[in-house]
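my_file.cif follows; it contains mmCIF, N, CA, C and O atoms.
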data_upload
loop_
_atom_site.label_atom_id
_atom_site.label_comp_id
_atom_site.auth_asym_id
_atom_site.auth_seq_id
_atom_site.Cartn_x
_atom_site.Cartn_y
_atom_site.Cartn_z
N MET A 231 -6.16 30.13 12.21
CA MET A 231 -5.98 29.53 10.91
C MET A 231 -5.57 28.08 11.07
O MET A 231 -4.63 27.78 11.79
N ILE A 232 -6.27 27.21 10.36
CA ILE A 232 -5.99 25.78 10.46
C ILE A 232 -5.49 25.28 9.11
O ILE A 232 -6.12 24.48 8.46
N GLU A 233 -4.36 25.79 8.69
CA GLU A 233 -3.84 25.42 7.39
C GLU A 233 -3.17 24.06 7.38
O GLU A 233 -3.47 23.22 6.55
N ASN A 234 -2.26 23.84 8.29
CA ASN A 234 -1.46 22.62 8.27
C ASN A 234 -1.88 21.60 9.32
O ASN A 234 -1.20 20.61 9.52
N GLN A 235 -2.98 21.84 10.01
CA GLN A 235 -3.41 20.90 11.04
C GLN A 235 -3.95 19.65 10.36
O GLN A 235 -4.78 19.72 9.46
N LYS A 236 -3.47 18.51 10.79
CA LYS A 236 -3.90 17.25 10.21
C LYS A 236 -4.90 16.59 11.15
O LYS A 236 -4.67 16.49 12.35
N ILE A 237 -6.00 16.15 10.59
CA ILE A 237 -6.99 15.44 11.38
C ILE A 237 -6.76 13.95 11.16
O ILE A 237 -6.80 13.47 10.03
N ARG A 238 -6.50 13.26 12.24
CA ARG A 238 -6.24 11.82 12.17
C ARG A 238 -7.39 11.05 12.79
O ARG A 238 -7.92 11.46 13.82
N PRO A 239 -7.73 9.94 12.18
CA PRO A 239 -8.81 9.13 12.76
C PRO A 239 -8.35 8.47 14.05
O PRO A 239 -7.15 8.26 14.27
N GLY A 240 -9.28 8.13 14.89
CA GLY A 240 -8.96 7.45 16.14
C GLY A 240 -8.68 5.96 15.94
O GLY A 240 -7.97 5.34 16.71
N LYS A 241 -9.25 5.41 14.87
CA LYS A 241 -9.02 4.00 14.55
C LYS A 241 -9.20 3.78 13.06
O LYS A 241 -9.87 4.56 12.38
N VAL A 242 -8.57 2.73 12.59
CA VAL A 242 -8.67 2.34 11.18
C VAL A 242 -8.91 0.84 11.12
O VAL A 242 -8.73 0.13 12.11
N ILE A 243 -9.29 0.35 9.96
CA ILE A 243 -9.51 -1.08 9.79
C ILE A 243 -8.18 -1.73 9.41
O ILE A 243 -7.50 -1.31 8.48
N GLY A 244 -7.84 -2.78 10.14
CA GLY A 244 -6.58 -3.48 9.91
C GLY A 244 -6.67 -4.48 8.78
O GLY A 244 -7.72 -4.65 8.16
N PRO A 245 -5.58 -5.17 8.50
CA PRO A 245 -5.52 -6.09 7.37
C PRO A 245 -6.42 -7.31 7.52
O PRO A 245 -6.79 -7.94 6.53
N LEU A 246 -6.78 -7.64 8.74
CA LEU A 246 -7.65 -8.80 8.98
C LEU A 246 -9.07 -8.38 9.33
O LEU A 246 -9.86 -9.18 9.80
N GLY A 247 -9.39 -7.10 9.12
CA GLY A 247 -10.74 -6.60 9.37
C GLY A 247 -10.98 -6.10 10.78
O GLY A 247 -12.08 -5.65 11.09
N GLU A 248 -9.98 -6.13 11.63
CA GLU A 248 -10.12 -5.65 13.01
C GLU A 248 -9.85 -4.15 13.08
O GLU A 248 -9.24 -3.59 12.17
N GLN A 249 -10.32 -3.52 14.13
CA GLN A 249 -10.06 -2.10 14.32
C GLN A 249 -8.68 -1.92 14.94
O GLN A 249 -8.34 -2.59 15.90
N LEU A 250 -7.92 -0.99 14.38
CA LEU A 250 -6.59 -0.67 14.90
C LEU A 250 -6.60 0.73 15.49
O LEU A 250 -7.12 1.66 14.89
N THR A 251 -6.02 0.85 16.67
CA THR A 251 -5.80 2.15 17.30
C THR A 251 -4.30 2.26 17.57
O THR A 251 -3.56 1.29 17.39
N LEU A 252 -3.87 3.41 18.02
CA LEU A 252 -2.44 3.56 18.36
C LEU A 252 -2.03 2.56 19.43
O LEU A 252 -0.91 2.05 19.42
N ASP A 253 -2.94 2.28 20.37
CA ASP A 253 -2.62 1.34 21.45
C ASP A 253 -2.57 -0.11 20.98
O ASP A 253 -1.89 -0.93 21.59
N SER A 254 -3.30 -0.44 19.92
CA SER A 254 -3.33 -1.83 19.46
C SER A 254 -2.25 -2.14 18.42
O SER A 254 -2.09 -3.29 18.04
N LEU A 255 -1.53 -1.12 17.97
CA LEU A 255 -0.43 -1.36 17.04
C LEU A 255 0.71 -2.07 17.77
O LEU A 255 0.78 -2.04 19.00
N PRO A 256 1.61 -2.70 17.02
CA PRO A 256 2.76 -3.34 17.68
C PRO A 256 3.51 -2.33 18.55
O PRO A 256 3.59 -1.15 18.20
N PRO A 257 4.05 -2.78 19.67
CA PRO A 257 4.78 -1.85 20.54
C PRO A 257 6.05 -1.32 19.86
O PRO A 257 6.61 -1.99 18.99
N PRO A 258 6.50 -0.13 20.26
CA PRO A 258 7.71 0.44 19.65
C PRO A 258 8.95 -0.43 19.83
O PRO A 258 9.90 -0.31 19.06
N SER A 259 8.95 -1.30 20.80
CA SER A 259 10.12 -2.16 21.04
C SER A 259 10.12 -3.41 20.18
O SER A 259 10.97 -4.27 20.35
N THR A 260 9.22 -3.53 19.22
CA THR A 260 9.12 -4.72 18.37
C THR A 260 10.40 -4.93 17.59
O THR A 260 10.91 -4.02 16.95
N THR A 261 10.93 -6.15 17.67
CA THR A 261 12.12 -6.50 16.89
C THR A 261 11.83 -7.64 15.92
O THR A 261 12.54 -7.81 14.94
N ARG A 262 10.81 -8.43 16.20
CA ARG A 262 10.45 -9.55 15.34
C ARG A 262 9.24 -9.15 14.51
O ARG A 262 8.12 -9.06 15.01
N TRP A 263 9.47 -8.90 13.22
CA TRP A 263 8.42 -8.39 12.36
C TRP A 263 7.78 -9.52 11.55
O TRP A 263 8.26 -9.88 10.49
N VAL A 264 6.70 -10.07 12.07
CA VAL A 264 5.95 -11.08 11.34
C VAL A 264 5.02 -10.38 10.36
O VAL A 264 4.80 -9.16 10.43
N VAL A 265 4.46 -11.12 9.43
CA VAL A 265 3.61 -10.57 8.38
C VAL A 265 2.47 -9.73 8.95
O VAL A 265 2.20 -8.62 8.48
N ARG A 266 1.79 -10.22 9.95
CA ARG A 266 0.63 -9.52 10.51
C ARG A 266 1.03 -8.17 11.06
O ARG A 266 0.35 -7.17 10.83
N ARG A 267 2.13 -8.09 11.77
CA ARG A 267 2.57 -6.81 12.35
C ARG A 267 2.93 -5.81 11.26
O ARG A 267 2.60 -4.62 11.35
N LYS A 268 3.64 -6.26 10.25
CA LYS A 268 3.99 -5.37 9.13
C LYS A 268 2.72 -4.85 8.47
O LYS A 268 2.60 -3.66 8.18
N ALA A 269 1.77 -5.75 8.22
CA ALA A 269 0.52 -5.36 7.56
C ALA A 269 -0.28 -4.38 8.41
O ALA A 269 -0.92 -3.46 7.88
N GLU A 270 -0.25 -4.55 9.73
CA GLU A 270 -0.96 -3.62 10.62
C GLU A 270 -0.35 -2.22 10.53
O GLU A 270 -1.08 -1.22 10.48
N VAL A 271 0.96 -2.14 10.50
CA VAL A 271 1.63 -0.84 10.42
C VAL A 271 1.34 -0.17 9.08
O VAL A 271 1.05 1.03 9.01
N VAL A 272 1.37 -0.94 8.00
CA VAL A 272 1.06 -0.38 6.68
C VAL A 272 -0.40 0.10 6.64
O VAL A 272 -0.69 1.18 6.12
N ALA A 273 -1.32 -0.68 7.22
CA ALA A 273 -2.73 -0.28 7.26
C ALA A 273 -2.91 1.00 8.06
O ALA A 273 -3.73 1.86 7.72
N ALA A 274 -2.15 1.15 9.15
CA ALA A 274 -2.24 2.36 9.97
C ALA A 274 -1.81 3.59 9.17
O ALA A 274 -2.43 4.64 9.25
N VAL A 275 -0.77 3.46 8.37
CA VAL A 275 -0.32 4.58 7.55
C VAL A 275 -1.32 4.85 6.43
O VAL A 275 -1.70 6.00 6.18
N ASN A 276 -1.78 3.80 5.76
CA ASN A 276 -2.74 3.98 4.67
C ASN A 276 -4.05 4.59 5.15
O ASN A 276 -4.69 5.34 4.42
N GLY A 277 -4.43 4.28 6.38
CA GLY A 277 -5.66 4.82 6.94
C GLY A 277 -5.49 6.19 7.57
O GLY A 277 -6.47 6.80 8.00
N GLY A 278 -4.27 6.67 7.68
CA GLY A 278 -4.02 7.99 8.23
C GLY A 278 -3.82 8.03 9.73
O GLY A 278 -3.73 9.10 10.33
N LEU A 279 -3.74 6.86 10.37
CA LEU A 279 -3.53 6.81 11.82
C LEU A 279 -2.13 7.32 12.19
O LEU A 279 -1.95 7.99 13.20
N LEU A 280 -1.15 6.99 11.37
CA LEU A 280 0.24 7.44 11.55
C LEU A 280 0.78 7.91 10.21
O LEU A 280 0.32 7.46 9.16
N SER A 281 1.78 8.75 10.25
CA SER A 281 2.47 9.13 9.02
C SER A 281 3.68 8.22 8.84
O SER A 281 4.09 7.53 9.78
N VAL A 282 4.26 8.26 7.67
CA VAL A 282 5.46 7.45 7.42
C VAL A 282 6.58 7.88 8.36
O VAL A 282 7.29 7.03 8.92
N ASP A 283 6.72 9.17 8.58
CA ASP A 283 7.76 9.66 9.49
C ASP A 283 7.52 9.16 10.92
O ASP A 283 8.46 8.79 11.62
N ASP A 284 6.25 9.16 11.34
CA ASP A 284 5.91 8.65 12.68
C ASP A 284 6.30 7.19 12.82
O ASP A 284 6.86 6.77 13.83
N VAL A 285 5.98 6.40 11.80
CA VAL A 285 6.28 4.96 11.83
C VAL A 285 7.78 4.73 11.89
O VAL A 285 8.27 3.91 12.67
N CYS A 286 8.52 5.45 11.05
CA CYS A 286 9.97 5.27 11.02
C CYS A 286 10.60 5.63 12.37
O CYS A 286 11.49 4.93 12.85
N ALA A 287 10.13 6.71 12.97
CA ALA A 287 10.66 7.12 14.27
C ALA A 287 10.25 6.15 15.37
O ALA A 287 11.04 5.78 16.23
N ARG A 288 9.00 5.73 15.35
CA ARG A 288 8.46 4.85 16.40
C ARG A 288 9.12 3.48 16.39
O ARG A 288 9.40 2.91 17.44
N TYR A 289 9.34 2.93 15.19
CA TYR A 289 9.85 1.55 15.09
C TYR A 289 11.30 1.44 14.65
O TYR A 289 11.82 0.34 14.49
N GLY A 290 11.96 2.55 14.41
CA GLY A 290 13.36 2.52 13.99
C GLY A 290 13.55 1.95 12.60
O GLY A 290 14.55 1.28 12.32
N LEU A 291 12.61 2.22 11.71
CA LEU A 291 12.69 1.74 10.33
C LEU A 291 13.24 2.83 9.43
O LEU A 291 13.17 4.01 9.76
N THR A 292 13.74 2.42 8.29
CA THR A 292 14.10 3.40 7.28
C THR A 292 12.89 3.60 6.37
O THR A 292 12.01 2.74 6.29
N VAL A 293 12.86 4.72 5.69
CA VAL A 293 11.77 4.98 4.76
C VAL A 293 11.75 3.92 3.66
O VAL A 293 10.70 3.46 3.23
N GLU A 294 12.93 3.50 3.22
CA GLU A 294 13.03 2.49 2.17
C GLU A 294 12.47 1.15 2.63
O GLU A 294 11.79 0.46 1.86
N GLU A 295 12.75 0.79 3.88
CA GLU A 295 12.23 -0.48 4.40
C GLU A 295 10.71 -0.44 4.46
O GLU A 295 10.04 -1.39 4.03
N PHE A 296 10.16 0.64 4.97
CA PHE A 296 8.71 0.75 5.04
C PHE A 296 8.09 0.78 3.64
O PHE A 296 7.08 0.15 3.39
N ALA A 297 8.72 1.51 2.72
CA ALA A 297 8.21 1.57 1.34
C ALA A 297 8.21 0.17 0.72
O ALA A 297 7.32 -0.17 -0.07
N GLY A 298 9.19 -0.64 1.07
CA GLY A 298 9.23 -2.03 0.59
C GLY A 298 8.04 -2.83 1.09
O GLY A 298 7.47 -3.64 0.35
N TRP A 299 7.64 -2.61 2.34
CA TRP A 299 6.45 -3.27 2.88
C TRP A 299 5.21 -2.84 2.11
O TRP A 299 4.37 -3.67 1.76
N GLN A 300 5.10 -1.55 1.85
CA GLN A 300 3.93 -1.04 1.12
C GLN A 300 3.88 -1.63 -0.29
O GLN A 300 2.83 -2.05 -0.76
N ARG A 301 5.02 -1.67 -0.97
CA ARG A 301 5.08 -2.24 -2.32
C ARG A 301 4.69 -3.71 -2.30
O ARG A 301 3.96 -4.19 -3.17
N ALA A 302 5.19 -4.44 -1.31
CA ALA A 302 4.90 -5.87 -1.22
C ALA A 302 3.40 -6.11 -1.06
O ALA A 302 2.83 -7.01 -1.69
N ILE A 303 2.76 -5.31 -0.22
CA ILE A 303 1.31 -5.46 -0.02
C ILE A 303 0.56 -5.07 -1.28
O ILE A 303 -0.39 -5.75 -1.68
N ASP A 304 0.97 -4.00 -1.93
CA ASP A 304 0.30 -3.56 -3.15
C ASP A 304 0.40 -4.62 -4.25
O ASP A 304 -0.53 -4.84 -5.00
N ARG A 305 1.54 -5.25 -4.34
CA ARG A 305 1.77 -6.23 -5.41
C ARG A 305 1.16 -7.59 -5.11
O ARG A 305 0.57 -8.20 -5.98
N SER A 306 1.35 -8.09 -3.88
CA SER A 306 1.02 -9.49 -3.59
C SER A 306 0.16 -9.68 -2.36
O SER A 306 -0.06 -10.81 -1.95
N GLY A 307 -0.28 -8.61 -1.72
CA GLY A 307 -1.07 -8.76 -0.50
C GLY A 307 -0.18 -9.17 0.66
O GLY A 307 1.05 -9.08 0.59
N MET A 308 -0.79 -9.65 1.71
CA MET A 308 -0.02 -10.03 2.90
C MET A 308 1.02 -11.11 2.64
O MET A 308 2.10 -11.05 3.22
N PRO A 309 0.76 -12.10 1.78
CA PRO A 309 1.81 -13.11 1.54
C PRO A 309 3.10 -12.51 0.99
O PRO A 309 4.18 -13.07 1.17
N GLY A 310 3.01 -11.37 0.32
CA GLY A 310 4.20 -10.72 -0.22
C GLY A 310 5.14 -10.20 0.85
O GLY A 310 6.30 -9.90 0.56
N LEU A 311 4.67 -10.09 2.08
CA LEU A 311 5.50 -9.61 3.19
C LEU A 311 6.38 -10.70 3.79
O LEU A 311 7.25 -10.40 4.60
N ARG A 312 6.15 -11.93 3.41
CA ARG A 312 6.95 -13.02 3.97
C ARG A 312 8.37 -12.92 3.45
O ARG A 312 8.61 -12.90 2.25
N VAL A 313 9.31 -12.84 4.34
CA VAL A 313 10.72 -12.68 3.96
C VAL A 313 11.19 -13.84 3.11
O VAL A 313 11.94 -13.66 2.15
N THR A 314 10.73 -15.04 3.41
CA THR A 314 11.19 -16.21 2.67
C THR A 314 10.61 -16.28 1.26
O THR A 314 11.08 -17.04 0.44
N ARG A 315 9.61 -15.46 0.94
CA ARG A 315 8.98 -15.50 -0.37
C ARG A 315 9.23 -14.25 -1.21
O ARG A 315 8.68 -14.11 -2.29
N ILE A 316 10.05 -13.34 -0.72
CA ILE A 316 10.27 -12.08 -1.43
C ILE A 316 10.74 -12.32 -2.86
O ILE A 316 10.23 -11.72 -3.80
N GLN A 317 11.71 -13.19 -3.06
CA GLN A 317 12.25 -13.42 -4.40
C GLN A 317 11.19 -14.00 -5.32
O GLN A 317 11.09 -13.63 -6.48
N HIS A 318 10.38 -14.93 -4.79
CA HIS A 318 9.32 -15.53 -5.60
C HIS A 318 8.34 -14.47 -6.09
O HIS A 318 8.01 -14.40 -7.28
N TYR A 319 7.86 -13.63 -5.20
CA TYR A 319 6.89 -12.61 -5.57
C TYR A 319 7.51 -11.53 -6.46
O TYR A 319 6.86 -10.99 -7.33
N LYS A 320 8.79 -11.25 -6.25
CA LYS A 320 9.47 -10.27 -7.09
C LYS A 320 9.54 -10.76 -8.54
O LYS A 320 9.22 -10.03 -9.47
N SER A 321 9.93 -12.02 -8.73
CA SER A 321 10.02 -12.54 -10.09
C SER A 321 8.64 -12.68 -10.72
O SER A 321 8.46 -12.43 -11.92
N LEU A 322 7.63 -13.04 -9.94
CA LEU A 322 6.27 -13.13 -10.43
C LEU A 322 5.78 -11.76 -10.90
O LEU A 322 5.19 -11.62 -11.98
N TYR A 323 6.05 -10.73 -10.12
CA TYR A 323 5.65 -9.36 -10.48
C TYR A 323 6.36 -8.92 -11.75
O TYR A 323 5.75 -8.32 -12.64
N GLU A 324 7.64 -9.21 -11.87
CA GLU A 324 8.39 -8.81 -13.06
C GLU A 324 7.86 -9.50 -14.31
O GLU A 324 7.78 -8.90 -15.38
N ARG A 325 7.48 -10.79 -14.18
CA ARG A 325 6.90 -11.50 -15.33
C ARG A 325 5.57 -10.87 -15.73
O ARG A 325 5.26 -10.75 -16.91
N GLN A 326 4.77 -10.48 -14.74
CA GLN A 326 3.46 -9.87 -15.05
C GLN A 326 3.63 -8.54 -15.75
O GLN A 326 2.82 -8.16 -16.59
N GLN A 327 4.68 -7.80 -15.43
CA GLN A 327 4.91 -6.50 -16.03
C GLN A 327 5.29 -6.60 -17.52
O GLN A 327 5.12 -5.67 -18.26
N LYS A 328 5.82 -7.75 -17.93
CA LYS A 328 6.23 -7.94 -19.31
C LYS A 328 5.03 -8.06 -20.25
O LYS A 328 5.11 -7.78 -21.42
N TYR A 329 3.90 -8.53 -19.72
CA TYR A 329 2.74 -8.81 -20.57
C TYR A 329 1.68 -7.76 -20.47
O TYR A 329 1.46 -7.03 -19.70
#
Go through the file and emit its structure as structure tokens.
Amino acid sequence: MIENQKIRPGKVIGPLGEQLTLDSLPPPSTTRWVVRRKAEVVAAVNGGLLSVDDVCARYGLTVEEFAGWQRAIDRSGMPGLRVTRIQHYKSLYERQQKY
């Protein structure tokens, strides 16, 4: 019986159009999270390469932190992941929600 077996793809398309595999993702020891690395991890989860639990365990993230990355990409694309622009994009999103 194959009830709970999950089939995962071997590769997914990354945020810049490149193919991502488990080996091409940022290493688990990553401490400096630039926009591209965050976007690659989000793309891996969205494509089914990793689960949210896998990402949190692999990179030492909280579910809330990762969910914030996903929200930022959904709202503003890759520029929304820039730490220095979070407040700008947050206020822009809130203004758009009013109309």
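Every protein or nucleic acid residue with an atom no more than 8 Å from segment 279-290 of chain A, counting all atoms listed in the file and leaving out same-chain residues fewer than 3 positions away, appears here: Ile237, Arg238, Pro239, Gly240, Lys241, Val242, Leu250, Thr251, Leu252, Pro256, Pro257, Pro258, Ser259, Thr260, Thr261, Val271, Val272, Ala273, Ala274, Val275, Asn276, Val293 and Phe296 of chain A.
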**Message:** The residues within 12 Å of (-0.6, -4.4, -1.1), using only C-alpha atoms and the coordinates of the file, should be reported as a VMD selection string; which are they?
**Reply:** chain A and resid 245 268 to 270 272 to 273 276 297 to 311 319
**Asked** If you run DSSP on the backbone, which residues of chain A are alpha helix (DSSP H), as a ChimeraX atom specification?
**Response** /A:265-276,282-289,293-306,316-328
**Item:** Two-atom distance - atom CA of Gln249 of chain A, atom CA of Gly278 of chain A (Å)
**Value:**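 Rounded to one decimal, the two atoms are 13.2 Å apart.
Atom to atom, atom CA of Leu291 of chain A and atom CA of Gln327 of chain A stand 28.7 Å apart.
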**Request:** Quick one: pull the distance between atom C of Trp263 of chain A and atom C of Arg312 of chain A, Å, one decimal.
**Result:**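 Atom-to-atom, atom C of Trp263 of chain A to atom C of Arg312 of chain A, that is 8.8 Å.
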**Prompt:** Looking only at the backbone, which of the residues in chain A does DSSP tag as strand (DSSP E), as a PyMOL selection string?
**Reply:** chain A and resi 242-243+249-250
Could you give me segment 278-289 of chain A completed to all heavy atoms, formatted as a PDB file, keeping the file's coordinate frame?
ATOM      1  N   GLY A 278      -4.270   6.670   7.680  1.00  0.00           N
ATOM      2  CA  GLY A 278      -4.020   7.990   8.230  1.00  0.00           C
ATOM      3  C   GLY A 278      -3.820   8.030   9.730  1.00  0.00           C
ATOM      4  O   GLY A 278      -3.730   9.100  10.330  1.00  0.00           O
ATOM      5  N   LEU A 279      -3.740   6.860  10.370  1.00  0.00           N
ATOM      6  CA  LEU A 279      -3.530   6.810  11.820  1.00  0.00           C
ATOM      7  C   LEU A 279      -2.130   7.320  12.190  1.00  0.00           C
ATOM      8  O   LEU A 279      -1.950   7.990  13.200  1.00  0.00           O
ATOM      9  CB  LEU A 279      -3.741   5.374  12.312  1.00  0.00           C
ATOM     10  CG  LEU A 279      -3.862   5.132  13.795  1.00  0.00           C
ATOM     11  CD1 LEU A 279      -5.057   5.887  14.373  1.00  0.00           C
ATOM     12  CD2 LEU A 279      -4.022   3.641  14.071  1.00  0.00           C
ATOM     13  N   LEU A 280      -1.150   6.990  11.370  1.00  0.00           N
ATOM     14  CA  LEU A 280       0.240   7.440  11.550  1.00  0.00           C
ATOM     15  C   LEU A 280       0.780   7.910  10.210  1.00  0.00           C
ATOM     16  O   LEU A 280       0.320   7.460   9.160  1.00  0.00           O
ATOM     17  CB  LEU A 280       1.121   6.287  12.042  1.00  0.00           C
ATOM     18  CG  LEU A 280       0.936   5.768  13.452  1.00  0.00           C
ATOM     19  CD1 LEU A 280       1.765   4.501  13.651  1.00  0.00           C
ATOM     20  CD2 LEU A 280       1.363   6.807  14.458  1.00  0.00           C
ATOM     21  N   SER A 281       1.780   8.750  10.250  1.00  0.00           N
ATOM     22  CA  SER A 281       2.470   9.130   9.020  1.00  0.00           C
ATOM     23  C   SER A 281       3.680   8.220   8.840  1.00  0.00           C
ATOM     24  O   SER A 281       4.090   7.530   9.780  1.00  0.00           O
ATOM     25  CB  SER A 281       2.924  10.591   9.093  1.00  0.00           C
ATOM     26  OG  SER A 281       3.965  10.727  10.030  1.00  0.00           O
ATOM     27  N   VAL A 282       4.260   8.260   7.670  1.00  0.00           N
ATOM     28  CA  VAL A 282       5.460   7.450   7.420  1.00  0.00           C
ATOM     29  C   VAL A 282       6.580   7.880   8.360  1.00  0.00           C
ATOM     30  O   VAL A 282       7.290   7.030   8.920  1.00  0.00           O
ATOM     31  CB  VAL A 282       5.899   7.578   5.945  1.00  0.00           C
ATOM     32  CG1 VAL A 282       7.219   6.855   5.713  1.00  0.00           C
ATOM     33  CG2 VAL A 282       4.833   7.027   5.022  1.00  0.00           C
ATOM     34  N   ASP A 283       6.720   9.170   8.580  1.00  0.00           N
ATOM     35  CA  ASP A 283       7.760   9.660   9.490  1.00  0.00           C
ATOM     36  C   ASP A 283       7.520   9.160  10.920  1.00  0.00           C
ATOM     37  O   ASP A 283       8.460   8.790  11.620  1.00  0.00           O
ATOM     38  CB  ASP A 283       7.801  11.183   9.485  1.00  0.00           C
ATOM     39  CG  ASP A 283       8.282  11.740   8.148  1.00  0.00           C
ATOM     40  OD1 ASP A 283       9.016  11.026   7.440  1.00  0.00           O
ATOM     41  OD2 ASP A 283       7.912  12.880   7.829  1.00  0.00           O
ATOM     42  N   ASP A 284       6.250   9.160  11.340  1.00  0.00           N
ATOM     43  CA  ASP A 284       5.910   8.650  12.680  1.00  0.00           C
ATOM     44  C   ASP A 284       6.300   7.190  12.820  1.00  0.00           C
ATOM     45  O   ASP A 284       6.860   6.770  13.830  1.00  0.00           O
ATOM     46  CB  ASP A 284       4.415   8.799  12.969  1.00  0.00           C
ATOM     47  CG  ASP A 284       3.961  10.241  13.073  1.00  0.00           C
ATOM     48  OD1 ASP A 284       4.815  11.122  13.319  1.00  0.00           O
ATOM     49  OD2 ASP A 284       2.740  10.479  12.901  1.00  0.00           O
ATOM     50  N   VAL A 285       5.980   6.400  11.800  1.00  0.00           N
ATOM     51  CA  VAL A 285       6.280   4.960  11.830  1.00  0.00           C
ATOM     52  C   VAL A 285       7.780   4.730  11.890  1.00  0.00           C
ATOM     53  O   VAL A 285       8.270   3.910  12.670  1.00  0.00           O
ATOM     54  CB  VAL A 285       5.662   4.250  10.605  1.00  0.00           C
ATOM     55  CG1 VAL A 285       6.230   2.862  10.427  1.00  0.00           C
ATOM     56  CG2 VAL A 285       4.158   4.183  10.750  1.00  0.00           C
ATOM     57  N   CYS A 286       8.520   5.450  11.050  1.00  0.00           N
ATOM     58  CA  CYS A 286       9.970   5.270  11.020  1.00  0.00           C
ATOM     59  C   CYS A 286      10.600   5.630  12.370  1.00  0.00           C
ATOM     60  O   CYS A 286      11.490   4.930  12.850  1.00  0.00           O
ATOM     61  CB  CYS A 286      10.583   6.076   9.891  1.00  0.00           C
ATOM     62  SG  CYS A 286      10.130   5.441   8.259  1.00  0.00           S
ATOM     63  N   ALA A 287      10.130   6.710  12.970  1.00  0.00           N
ATOM     64  CA  ALA A 287      10.660   7.120  14.270  1.00  0.00           C
ATOM     65  C   ALA A 287      10.250   6.150  15.370  1.00  0.00           C
ATOM     66  O   ALA A 287      11.040   5.780  16.230  1.00  0.00           O
ATOM     67  CB  ALA A 287      10.195   8.532  14.610  1.00  0.00           C
ATOM     68  N   ARG A 288       9.000   5.730  15.350  1.00  0.00           N
ATOM     69  CA  ARG A 288       8.460   4.850  16.400  1.00  0.00           C
ATOM     70  C   ARG A 288       9.120   3.480  16.390  1.00  0.00           C
ATOM     71  O   ARG A 288       9.400   2.910  17.440  1.00  0.00           O
ATOM     72  CB  ARG A 288       6.951   4.718  16.203  1.00  0.00           C
ATOM     73  CG  ARG A 288       6.259   3.831  17.209  1.00  0.00           C
ATOM     74  CD  ARG A 288       4.762   3.835  16.964  1.00  0.00           C
ATOM     75  NE  ARG A 288       4.100   2.847  17.791  1.00  0.00           N
ATOM     76  CZ  ARG A 288       2.972   3.053  18.433  1.00  0.00           C
ATOM     77  NH1 ARG A 288       2.356   4.198  18.351  1.00  0.00           N
ATOM     78  NH2 ARG A 288       2.437   2.090  19.148  1.00  0.00           N
ATOM     79  N   TYR A 289       9.340   2.930  15.190  1.00  0.00           N
ATOM     80  CA  TYR A 289       9.850   1.550  15.090  1.00  0.00           C
ATOM     81  C   TYR A 289      11.300   1.440  14.650  1.00  0.00           C
ATOM     82  O   TYR A 289      11.820   0.340  14.490  1.00  0.00           O
ATOM     83  CB  TYR A 289       8.963   0.744  14.128  1.00  0.00           C
ATOM     84  CG  TYR A 289       7.551   0.596  14.632  1.00  0.00           C
ATOM     85  CD1 TYR A 289       6.498   1.233  14.001  1.00  0.00           C
ATOM     86  CD2 TYR A 289       7.263  -0.165  15.762  1.00  0.00           C
ATOM     87  CE1 TYR A 289       5.194   1.115  14.467  1.00  0.00           C
ATOM     88  CE2 TYR A 289       5.975  -0.285  16.235  1.00  0.00           C
ATOM     89  CZ  TYR A 289       4.947   0.355  15.584  1.00  0.00           C
ATOM     90  OH  TYR A 289       3.665   0.231  16.055  1.00  0.00           O
TER      91      TYR A 289
END
